[in-house]
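> Take a look at final_23.json, JSON, C-alpha atoms and all ligand atoms:
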[["chain", "number", "residue", "atom", "x", "y", "z"],
["A", 208, "MET", "CA", -18.61, 20.62, -7.98],
["A", 209, "THR", "CA", -15.30, 20.49, -9.85],
["A", 210, "PHE", "CA", -13.35, 17.27, -10.28],
["A", 211, "ILE", "CA", -10.78, 18.45, -7.71],
["A", 212, "GLU", "CA", -13.50, 19.18, -5.15],
["A", 213, "SER", "CA", -15.29, 15.88, -5.63],
["A", 214, "PHE", "CA", -12.02, 13.91, -5.44],
["A", 215, "GLU", "CA", -11.06, 15.63, -2.18],
["A", 216, "LYS", "CA", -14.57, 15.07, -0.82],
["A", 217, "LYS", "CA", -14.33, 11.36, -1.56],
["A", 218, "VAL", "CA", -11.00, 11.01, 0.27],
["A", 219, "LYS", "CA", -12.26, 13.03, 3.24],
["A", 220, "GLU", "CA", -15.39, 10.89, 3.47],
["A", 221, "THR", "CA", -13.34, 7.70, 3.39],
["A", 222, "ILE", "CA", -11.24, 8.98, 6.31],
["A", 223, "THR", "CA", -14.30, 10.00, 8.34],
["A", 224, "LYS", "CA", -16.63, 7.11, 7.54],
["A", 225, "HIS", "CA", -14.01, 4.44, 8.18],
["A", 226, "LYS", "CA", -12.46, 6.31, 11.14],
["A", 227, "LEU", "CA", -8.99, 6.10, 9.57],
["A", 228, "ALA", "CA", -7.22, 8.65, 11.74],
["A", 229, "ASP", "CA", -7.63, 11.60, 14.04],
["A", 230, "LYS", "CA", -5.67, 14.83, 14.04],
["A", 231, "LYS", "CA", -3.81, 14.17, 17.27],
["A", 232, "GLU", "CA", -2.10, 10.97, 16.24],
["A", 233, "LYS", "CA", 1.07, 10.86, 14.19],
["A", 234, "ILE", "CA", 0.64, 9.43, 10.69],
["A", 235, "ILE", "CA", 3.60, 8.10, 8.75],
["A", 236, "VAL", "CA", 2.93, 8.37, 5.01],
["A", 237, "ALA", "CA", 4.60, 5.64, 2.95],
["A", 238, "CYS", "CA", 5.77, 7.84, 0.11],
["A", 239, "SER", "CA", 7.18, 6.03, -2.91],
["A", 240, "GLY", "CA", 7.27, 9.20, -5.01],
["A", 241, "GLY", "CA", 4.52, 7.86, -7.29],
["A", 242, "LYS", "CA", 1.28, 9.69, -8.11],
["A", 243, "ASP", "CA", -0.77, 7.91, -5.43],
["A", 244, "SER", "CA", 1.49, 8.54, -2.48],
["A", 245, "CYS", "CA", 2.22, 12.16, -3.56],
["A", 246, "THR", "CA", -1.54, 12.79, -3.75],
["A", 247, "LEU", "CA", -2.03, 11.09, -0.39],
["A", 248, "LEU", "CA", 0.66, 13.15, 1.32],
["A", 249, "PHE", "CA", -0.66, 16.38, -0.19],
["A", 250, "LEU", "CA", -4.25, 15.70, 0.92],
["A", 251, "LEU", "CA", -3.46, 14.51, 4.45],
["A", 252, "LYS", "CA", -1.40, 17.66, 4.96],
["A", 253, "LYS", "CA", -4.15, 19.80, 3.45],
["A", 254, "PHE", "CA", -6.70, 18.22, 5.80],
["A", 255, "GLY", "CA", -4.51, 19.16, 8.77],
["A", 256, "PHE", "CA", -3.12, 15.80, 9.92],
["A", 257, "ASN", "CA", 0.13, 15.40, 11.84],
["A", 258, "LEU", "CA", 2.52, 13.78, 9.33],
["A", 259, "GLU", "CA", 5.97, 12.46, 8.63],
["A", 260, "ALA", "CA", 6.90, 10.66, 5.44],
["A", 261, "LEU", "CA", 8.88, 7.48, 4.91],
["A", 262, "HIS", "CA", 10.58, 6.58, 1.65],
["A", 263, "ILE", "CA", 12.44, 3.36, 0.89],
["A", 264, "ASN", "CA", 15.11, 3.62, -1.77],
["A", 265, "LEU", "CA", 14.88, 0.15, -3.29],
["A", 266, "GLY", "CA", 18.19, 0.38, -5.15],
["A", 267, "ILE", "CA", 16.84, -0.04, -8.67],
["A", 268, "GLY", "CA", 19.20, 2.33, -10.49],
["A", 269, "SER", "CA", 17.93, 5.58, -11.98],
["A", 270, "TRP", "CA", 14.29, 4.54, -11.45],
["A", 271, "SER", "CA", 14.84, 4.62, -7.68],
["A", 272, "GLU", "CA", 16.79, 7.87, -7.85],
["A", 273, "LYS", "CA", 13.95, 9.58, -9.74],
["A", 274, "ASN", "CA", 11.34, 8.34, -7.26],
["A", 275, "GLN", "CA", 13.41, 9.50, -4.30],
["A", 276, "ARG", "CA", 13.77, 12.97, -5.85],
["A", 277, "ASN", "CA", 9.99, 13.15, -6.38],
["A", 278, "ALA", "CA", 9.33, 12.13, -2.77],
["A", 279, "GLU", "CA", 11.83, 14.77, -1.59],
["A", 280, "LYS", "CA", 10.17, 17.43, -3.75],
["A", 281, "ILE", "CA", 6.61, 16.91, -2.50],
["A", 282, "CYS", "CA", 7.76, 16.70, 1.14],
["A", 283, "ASP", "CA", 9.80, 19.84, 0.73],
["A", 284, "GLU", "CA", 6.90, 21.72, -0.86],
["A", 285, "MET", "CA", 4.47, 20.59, 1.82],
["A", 286, "GLY", "CA", 6.85, 21.10, 4.76],
["A", 287, "VAL", "CA", 6.67, 17.43, 5.77],
["A", 288, "LYS", "CA", 9.72, 15.71, 7.31],
["A", 289, "LEU", "CA", 10.95, 12.92, 5.05],
["A", 290, "ASN", "CA", 12.74, 9.85, 6.44],
["A", 291, "THR", "CA", 14.60, 7.89, 3.78],
["A", 292, "VAL", "CA", 15.91, 4.37, 4.30],
["A", 293, "TYR", "CA", 17.86, 2.15, 1.91],
["A", 294, "MET", "CA", 16.70, -1.38, 1.23],
["A", 295, "LYS", "CA", 20.33, -2.46, 0.82],
["A", 296, "ASP", "CA", 20.98, -1.75, 4.51],
["A", 297, "PHE", "CA", 18.33, -4.30, 5.50],
["A", 298, "VAL", "CA", 18.57, -6.89, 2.72],
["A", 299, "GLY", "CA", 22.34, -6.80, 2.12],
["A", 300, "LYS", "CA", 21.83, -6.10, -1.60],
["A", 301, "ASN", "CA", 20.06, -3.66, -3.85],
["A", 302, "ILE", "CA", 16.83, -5.10, -5.28],
["A", 303, "SER", "CA", 18.37, -4.88, -8.76],
["A", 304, "GLU", "CA", 21.15, -7.26, -7.62],
["A", 305, "ILE", "CA", 18.75, -10.03, -6.61],
["A", 306, "SER", "CA", 18.60, -12.73, -9.22],
["A", 307, "GLU", "CA", 15.43, -14.70, -8.42],
["A", 308, "ASN", "CA", 11.96, -13.66, -7.31],
["A", 309, "LYS", "CA", 12.88, -9.98, -7.14],
["A", 310, "CYS", "CA", 9.25, -8.89, -6.82],
["A", 311, "ARG", "CA", 8.44, -11.19, -3.95],
["A", 312, "VAL", "CA", 11.65, -10.34, -2.08],
["A", 313, "CYS", "CA", 10.97, -6.64, -2.63],
["A", 314, "SER", "CA", 7.33, -6.63, -1.53],
["A", 315, "ILE", "CA", 7.90, -8.78, 1.57],
["A", 316, "ASN", "CA", 10.83, -6.62, 2.66],
["A", 317, "LYS", "CA", 9.00, -3.38, 1.87],
["A", 318, "ARG", "CA", 6.10, -4.35, 4.10],
["A", 319, "TRP", "CA", 8.42, -5.49, 6.91],
["A", 320, "LEU", "CA", 10.53, -2.34, 6.74],
["A", 321, "LEU", "CA", 7.61, 0.10, 6.48],
["A", 322, "ASN", "CA", 6.04, -1.36, 9.62],
["A", 323, "LYS", "CA", 9.29, -1.45, 11.59],
["A", 324, "LYS", "CA", 10.36, 2.10, 10.64],
["A", 325, "ALA", "CA", 6.88, 3.58, 11.10],
["A", 326, "ARG", "CA", 6.82, 2.12, 14.62],
["A", 327, "GLU", "CA", 10.33, 3.42, 15.39],
["A", 328, "LEU", "CA", 9.24, 6.89, 14.21],
["A", 329, "GLY", "CA", 6.39, 6.80, 16.70],
["A", 330, "GLY", "CA", 3.65, 6.49, 14.07],
["A", 331, "LYS", "CA", 0.18, 5.48, 15.20],
["A", 332, "LYS", "CA", -0.94, 4.96, 11.60],
["A", 333, "LEU", "CA", 0.88, 4.06, 8.41],
["A", 334, "ALA", "CA", -0.84, 5.63, 5.39],
["A", 335, "MET", "CA", -0.52, 3.74, 2.10],
["A", 336, "GLY", "CA", -1.38, 4.99, -1.37],
["A", 337, "HIS", "CA", -3.29, 1.94, -2.65],
["A", 338, "ASN", "CA", -6.28, 2.82, -4.82],
["A", 339, "LEU", "CA", -9.48, 1.12, -5.98],
["A", 340, "ASP", "CA", -7.81, -0.56, -8.97],
["A", 341, "ASP", "CA", -5.06, -2.07, -6.77],
["A", 342, "GLU", "CA", -7.70, -3.45, -4.43],
["A", 343, "ALA", "CA", -10.04, -4.87, -7.12],
["A", 344, "GLU", "CA", -7.01, -6.60, -8.69],
["A", 345, "SER", "CA", -5.81, -7.98, -5.32],
["A", 346, "ILE", "CA", -9.25, -9.34, -4.45],
["A", 347, "LEU", "CA", -9.49, -11.19, -7.77],
["A", 348, "MET", "CA", -5.90, -12.47, -7.48],
["A", 349, "ASN", "CA", -6.70, -13.92, -4.05],
["A", 350, "VAL", "CA", -9.95, -15.46, -5.33],
["A", 351, "PHE", "CA", -8.24, -17.05, -8.32],
["A", 352, "ARG", "CA", -5.42, -18.39, -6.16],
["A", 353, "GLY", "CA", -7.85, -19.78, -3.58],
["A", 354, "ASN", "CA", -6.13, -17.56, -1.02],
["A", 355, "ILE", "CA", -8.98, -16.71, 1.34],
["A", 356, "ILE", "CA", -6.94, -15.86, 4.42],
["A", 357, "MET", "CA", -4.57, -13.55, 2.51],
["A", 358, "GLY", "CA", -7.50, -11.34, 1.56],
["A", 359, "LEU", "CA", -8.95, -10.99, 5.05],
["A", 360, "GLY", "CA", -6.68, -8.18, 6.14],
["A", 361, "THR", "CA", -7.96, -5.91, 3.41],
["A", 362, "GLY", "CA", -10.12, -2.75, 3.49],
["A", 363, "PRO", "CA", -9.54, 0.99, 3.99],
["A", 364, "LYS", "CA", -8.09, 0.04, 7.39],
["A", 365, "ILE", "CA", -5.87, -2.99, 6.96],
["A", 366, "GLY", "CA", -5.26, -5.82, 9.34],
["A", 367, "ILE", "CA", -7.17, -8.33, 11.38],
["A", 368, "LEU", "CA", -4.33, -8.97, 13.75],
["A", 369, "GLN", "CA", -3.69, -6.33, 16.37],
["A", 370, "ASP", "CA", -0.41, -6.13, 18.17],
["A", 371, "LYS", "CA", 1.72, -3.49, 19.84],
["A", 372, "LYS", "CA", 4.38, -4.06, 17.18],
["A", 373, "PHE", "CA", 2.00, -3.50, 14.26],
["A", 374, "VAL", "CA", 1.35, 0.02, 13.07],
["A", 375, "GLN", "CA", -2.19, 0.09, 11.73],
["A", 376, "ARG", "CA", -2.11, 0.61, 7.96],
["A", 377, "ILE", "CA", -4.71, 2.91, 6.43],
["A", 378, "ARG", "CA", -5.64, 3.53, 2.80],
["A", 379, "PRO", "CA", -7.45, 6.85, 2.33],
["A", 380, "LEU", "CA", -7.42, 6.52, -1.51],
["A", 381, "TYR", "CA", -9.20, 3.18, -1.25],
["A", 382, "PHE", "CA", -12.29, 4.28, -3.23],
["A", 383, "CYS", "CA", -10.41, 6.39, -5.82],
["A", 384, "LYS", "CA", -9.85, 4.96, -9.29],
["A", 385, "ASN", "CA", -6.36, 4.93, -10.76],
["A", 386, "THR", "CA", -7.47, 7.30, -13.53],
["A", 387, "GLU", "CA", -8.91, 9.73, -10.96],
["A", 388, "THR", "CA", -5.75, 9.83, -8.84],
["A", 389, "LYS", "CA", -3.65, 10.33, -11.97],
["A", 390, "LYS", "CA", -5.87, 13.21, -13.09],
["A", 391, "TYR", "CA", -5.70, 14.80, -9.63],
["A", 392, "ALA", "CA", -1.89, 14.50, -9.48],
["A", 393, "GLU", "CA", -1.56, 15.94, -12.99],
["A", 394, "GLU", "CA", -3.94, 18.85, -12.35],
["A", 395, "LYS", "CA", -2.06, 19.68, -9.15],
["A", 396, "GLY", "CA", 1.24, 19.52, -11.05],
["A", 397, "PHE", "CA", 3.00, 17.02, -8.76],
["A", 398, "ALA", "CA", 6.34, 15.72, -9.96],
["A", 399, "PHE", "CA", 5.86, 11.97, -10.36],
["A", 400, "SER", "CA", 7.09, 9.32, -12.71],
["A", 401, "SER", "CA", 4.68, 6.97, -14.48],
["A", 402, "GLU", "CA", 7.48, 4.60, -15.45],
["A", 403, "ILE", "CA", 6.72, 1.15, -14.15],
["A", 404, "CYS", "CA", 9.36, -0.59, -12.11],
["A", 405, "PRO", "CA", 11.96, -2.00, -14.56],
["A", 406, "CYS", "CA", 12.24, -5.27, -12.68],
["A", 407, "SER", "CA", 8.61, -5.98, -11.94],
["A", 408, "PRO", "CA", 6.83, -8.15, -14.45],
["A", 409, "ASP", "CA", 4.11, -9.19, -11.89],
["A", 410, "VAL", "CA", 2.53, -11.04, -14.80],
["A", 411, "PHE", "CA", -0.58, -12.25, -12.99],
["A", 412, "ARG", "CA", -1.54, -8.77, -11.73],
["A", 413, "ARG", "CA", -1.06, -7.33, -15.23],
["A", 414, "GLN", "CA", -3.24, -10.04, -16.76],
["A", 415, "ILE", "CA", -6.02, -9.23, -14.32],
["A", 416, "ARG", "CA", -5.56, -5.49, -14.87],
["A", 417, "ASN", "CA", -5.88, -5.89, -18.66],
["A", 418, "TRP", "CA", -8.88, -8.15, -18.25],
["A", 419, "LEU", "CA", -10.63, -5.64, -15.97],
["A", 420, "LYS", "CA", -9.84, -2.85, -18.42],
["A", 421, "LYS", "CA", -11.67, -4.75, -21.17],
["A", 422, "LEU", "CA", -14.66, -5.53, -18.96],
["A", 423, "GLU", "CA", -14.78, -1.92, -17.76],
["A", 424, "VAL", "CA", -15.62, -0.69, -21.26],
["A", 425, "LYS", "CA", -19.15, -2.11, -20.92],
["A", 426, "ASN", "CA", -19.48, -1.83, -17.15],
["A", 427, "SER", "CA", -17.78, 1.26, -15.79],
["A", 428, "GLU", "CA", -18.63, 0.32, -12.19],
["A", 429, "ILE", "CA", -16.97, -3.09, -12.28],
["A", 430, "LYS", "CA", -14.09, -2.29, -9.88],
["A", 431, "GLU", "CA", -16.35, -0.55, -7.36],
["A", 432, "ASN", "CA", -18.68, -3.57, -7.51],
["A", 433, "ILE", "CA", -15.91, -6.11, -6.88],
["A", 434, "VAL", "CA", -14.65, -4.13, -3.88],
["A", 435, "LYS", "CA", -18.14, -3.46, -2.48],
["A", 436, "TRP", "CA", -19.09, -7.12, -2.85],
["A", 437, "PHE", "CA", -15.98, -8.19, -0.97],
["A", 438, "LEU", "CA", -16.29, -5.60, 1.81],
["A", 439, "GLU", "CA", -19.88, -6.72, 2.46],
["A", 440, "ARG", "CA", -18.69, -10.26, 3.09],
["A", 441, "LEU", "CA", -15.53, -9.40, 4.97],
["A", 442, "PRO", "CA", -16.91, -9.33, 8.57],
["A", 443, "GLU", "CA", -18.48, -12.75, 8.13],
["A", 444, "LEU", "CA", -15.30, -14.23, 6.59],
["A", 445, "ARG", "CA", -13.12, -12.72, 9.32],
["A", 446, "LYS", "CA", -15.29, -14.27, 11.99],
["A", 447, "LYS", "CA", -15.08, -17.67, 10.34],
["A", 448, "TYR", "CA", -11.30, -17.67, 9.88],
["A", 449, "SER", "CA", -10.12, -15.62, 12.84],
["A", 450, "SER", "CA", -8.89, -18.60, 14.87],
["A", 451, "LYS", "CA", -6.55, -19.59, 12.02],
["A", 452, "THR", "CA", -4.54, -16.40, 12.13],
["A", 453, "GLU", "CA", -2.69, -16.56, 15.43],
["A", 454, "LEU", "CA", 0.21, -14.16, 15.91],
["A", 455, "LYS", "CA", 3.75, -14.86, 17.14],
["A", 456, "TYR", "CA", 7.08, -13.05, 17.01],
["A", 457, "CYS", "CA", 9.78, -14.09, 14.57],
["A", 458, "SER", "CA", 12.56, -15.88, 16.42],
["A", 459, "ARG", "CA", 15.18, -14.11, 14.26],
["A", 460, "CYS", "CA", 14.10, -10.51, 13.87],
["A", 461, "GLY", "CA", 11.50, -10.21, 16.63],
["A", 462, "GLU", "CA", 8.89, -8.71, 14.30],
["A", 463, "PRO", "CA", 5.28, -9.98, 14.32],
["A", 464, "SER", "CA", 4.79, -13.14, 12.28],
["A", 465, "ARG", "CA", 2.28, -15.93, 11.65],
["A", 466, "ASN", "CA", 5.06, -18.52, 11.88],
["A", 467, "GLU", "CA", 8.15, -19.24, 13.98],
["A", 468, "ILE", "CA", 10.27, -17.45, 11.36],
["A", 469, "CYS", "CA", 8.74, -14.55, 9.44],
["A", 470, "LYS", "CA", 8.49, -14.49, 5.65],
["A", 471, "ARG", "CA", 11.06, -11.72, 5.47],
["A", 472, "CYS", "CA", 13.71, -13.72, 7.34],
["A", 473, "GLU", "CA", 12.81, -16.75, 5.24],
["A", 474, "VAL", "CA", 13.42, -14.93, 1.94],
["A", 475, "LEU", "CA", 16.63, -13.33, 3.27],
["A", 476, "GLU", "CA", 18.04, -16.76, 4.01],
["A", 477, "LYS", "CA", 17.33, -17.86, 0.43],
["A", 478, "ILE", "CA", 19.01, -14.87, -1.24],
["A", 479, "ASN", "CA", 22.11, -14.60, 0.94],
["B", 501, "LIG", "P1", 2.95, -0.59, -4.70],
["B", 501, "LIG", "O1", 3.10, -1.77, -3.85],
["B", 501, "LIG", "O2", 4.20, -0.20, -5.44],
["B", 501, "LIG", "O3", 1.74, -0.60, -5.57],
["B", 501, "LIG", "O4", 2.72, 0.64, -3.71],
["B", 501, "LIG", "C1", 1.63, 0.71, -2.87],
["B", 501, "LIG", "C2", 1.90, 1.73, -1.79],
["B", 501, "LIG", "O5", 3.00, 1.28, -0.99],
["B", 501, "LIG", "C3", 2.34, 3.10, -2.29],
["B", 501, "LIG", "O6", 1.25, 3.91, -2.62],
["B", 501, "LIG", "C4", 3.10, 3.64, -1.11],
["B", 501, "LIG", "O7", 2.23, 4.13, -0.11],
["B", 501, "LIG", "C5", 3.79, 2.38, -0.57],
["B", 501, "LIG", "N1", 5.15, 2.23, -1.15],
["B", 501, "LIG", "C6", 5.50, 1.51, -2.25],
["B", 501, "LIG", "N2", 6.81, 1.62, -2.50],
["B", 501, "LIG", "C7", 7.33, 2.42, -1.55],
["B", 501, "LIG", "C8", 8.64, 2.95, -1.27],
["B", 501, "LIG", "N3", 9.70, 2.64, -2.05],
["B", 501, "LIG", "N4", 8.78, 3.76, -0.21],
["B", 501, "LIG", "C9", 7.72, 4.09, 0.57],
["B", 501, "LIG", "N5", 6.48, 3.63, 0.36],
["B", 501, "LIG", "C10", 6.27, 2.82, -0.68],
["B", 502, "ZN", "ZN", 11.92, -12.22, 10.96]]
Once you've parsed the file, please lay out its structure as structure tokens.
Ligand code: AMP
Ligand code: ZN

Amino acid sequence: MTFIESFEKKVKETITKHKLADKKEKIIVACSGGKDSCTLLFLLKKFGFNLEALHINLGIGSWSEKNQRNAEKICDEMGVKLNTVYMKDFVGKNISEISENKCRVCSINKRWLLNKKARELGGKKLAMGHNLDDEAESILMNVFRGNIIMGLGTGPKIGILQDKKFVQRIRPLYFCKNTETKKYAEEKGFAFSSEICPCSPDVFRRQIRNWLKKLEVKNSEIKENIVKWFLERLPELRKKYSSKTELKYCSRCGEPSRNEICKRCEVLEKIN
């Protein structure tokens, strides 16, 4: 089996084994224009799913412009309708104009906006391009921060809280390594930019990433093992903590929230 065939087989098996989606429901692909989401969009289309794409222009100068062009190119080539929204229209500023905690403001708003737009577009699933490396790093970050509840929504199908206003997030590339996705995207000739976001230092994630890279030299399975270990324990942890994750609606924006006011409305108040 060639690399391309085994990569596609792995993604297909993830979708089937974890019952991520069926062909009748509409999937909204969160397409940043990076290698992961271009690969994801290409494969879901190849497998015959019913898709639309959603891109958020974050307003980070030429970096955002390049990513938007790459998202437009793959959607155009694959015949997938692309919906583009501008973060500025929802935050009041471009991300580059925010002075403090850019990364946090950006990620909280991205998640809020992807869910809201995917729902408005009639999506039954929201497909995200996270890969195995992202997940291994997130698990360790949550462990080191003592953040048990934050990690409970993880997995190829995300979310422990179900609600009519939540579009179920799925991650078909969940078991694919970063290096594998990159190789696939390169071999397929997708236009993508490997430039990291100019305003994202996310120091803690990078420390963990570098640490895992060193450990991986002697144990090539280390990321798979972290993720497998966590997934094994997930059902038991969810059972134990489920009563602590009650859902409400934000009194300002009406979106689902764990508190009276959602995190997104909280950060908006601080920056405006
Ligand atoms: P990140 O949080 O940048 O590692 O991205 C993880 C996943 O979130 C990507 O693979 C995409 O599916 C989605 N995503 C990130 N940024 C955007 C964006 N600007 N527009 C649409 N989807 C995005
Ligand atoms: Zn809110």
> Using all atoms listed in the file, which of A:Thr221, A:Asn349, A:Asn264, A:Gln369 sits nearest ligand LIG 501 (chain B)?
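Looking at the shortest contact to ligand LIG 501 (chain B), the residue is A:Asn264.
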> If we count only C-alpha atoms and set the cut-off at 9 Å, which residues sit around Ser303 in chain A, ignoring sequence neighbours fewer than 5 positions away in its own chain? Please answer as a PyMOL selection string.
chain A and resi 265-268+309+406
> Could those selected residues go to a file with C-alpha atoms, as a PDB file, in the coordinates of the input?

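selection_37.pdb, freshly written:
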ATOM      1  CA  LEU A 265      14.880   0.150  -3.290  1.00  0.00           C
ATOM      2  CA  GLY A 266      18.190   0.380  -5.150  1.00  0.00           C
ATOM      3  CA  ILE A 267      16.840  -0.040  -8.670  1.00  0.00           C
ATOM      4  CA  GLY A 268      19.200   2.330 -10.490  1.00  0.00           C
ATOM      5  CA  LYS A 309      12.880  -9.980  -7.140  1.00  0.00           C
ATOM      6  CA  CYS A 406      12.240  -5.270 -12.680  1.00  0.00           C
TER       7      CYS A 406
END
> I need the residue nearest Lys420 in chain A from this list: A:Thr386, A:Arg376, A:Cys313, A:Leu250. Use only C-alpha atoms for the distance.
A:Thr386
> Show me which residues are within 8 Å of ligand ZN 502 (chain B) counting all atoms listed in the file, and format the list as a list of chain:residue names.
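Residues lying within 8 Å of ligand ZN 502 (chain B): A:Tyr456, A:Cys457, A:Ser458, A:Arg459, A:Cys460, A:Gly461, A:Glu462, A:Pro463, A:Ser464, A:Ile468, A:Cys469, A:Lys470, A:Arg471, A:Cys472, A:Glu473.
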> Figure out the distance between CA of Thr246 in chain A and CA of Gly362 in chain A, please, to one decimal in Å.
19.2 Å
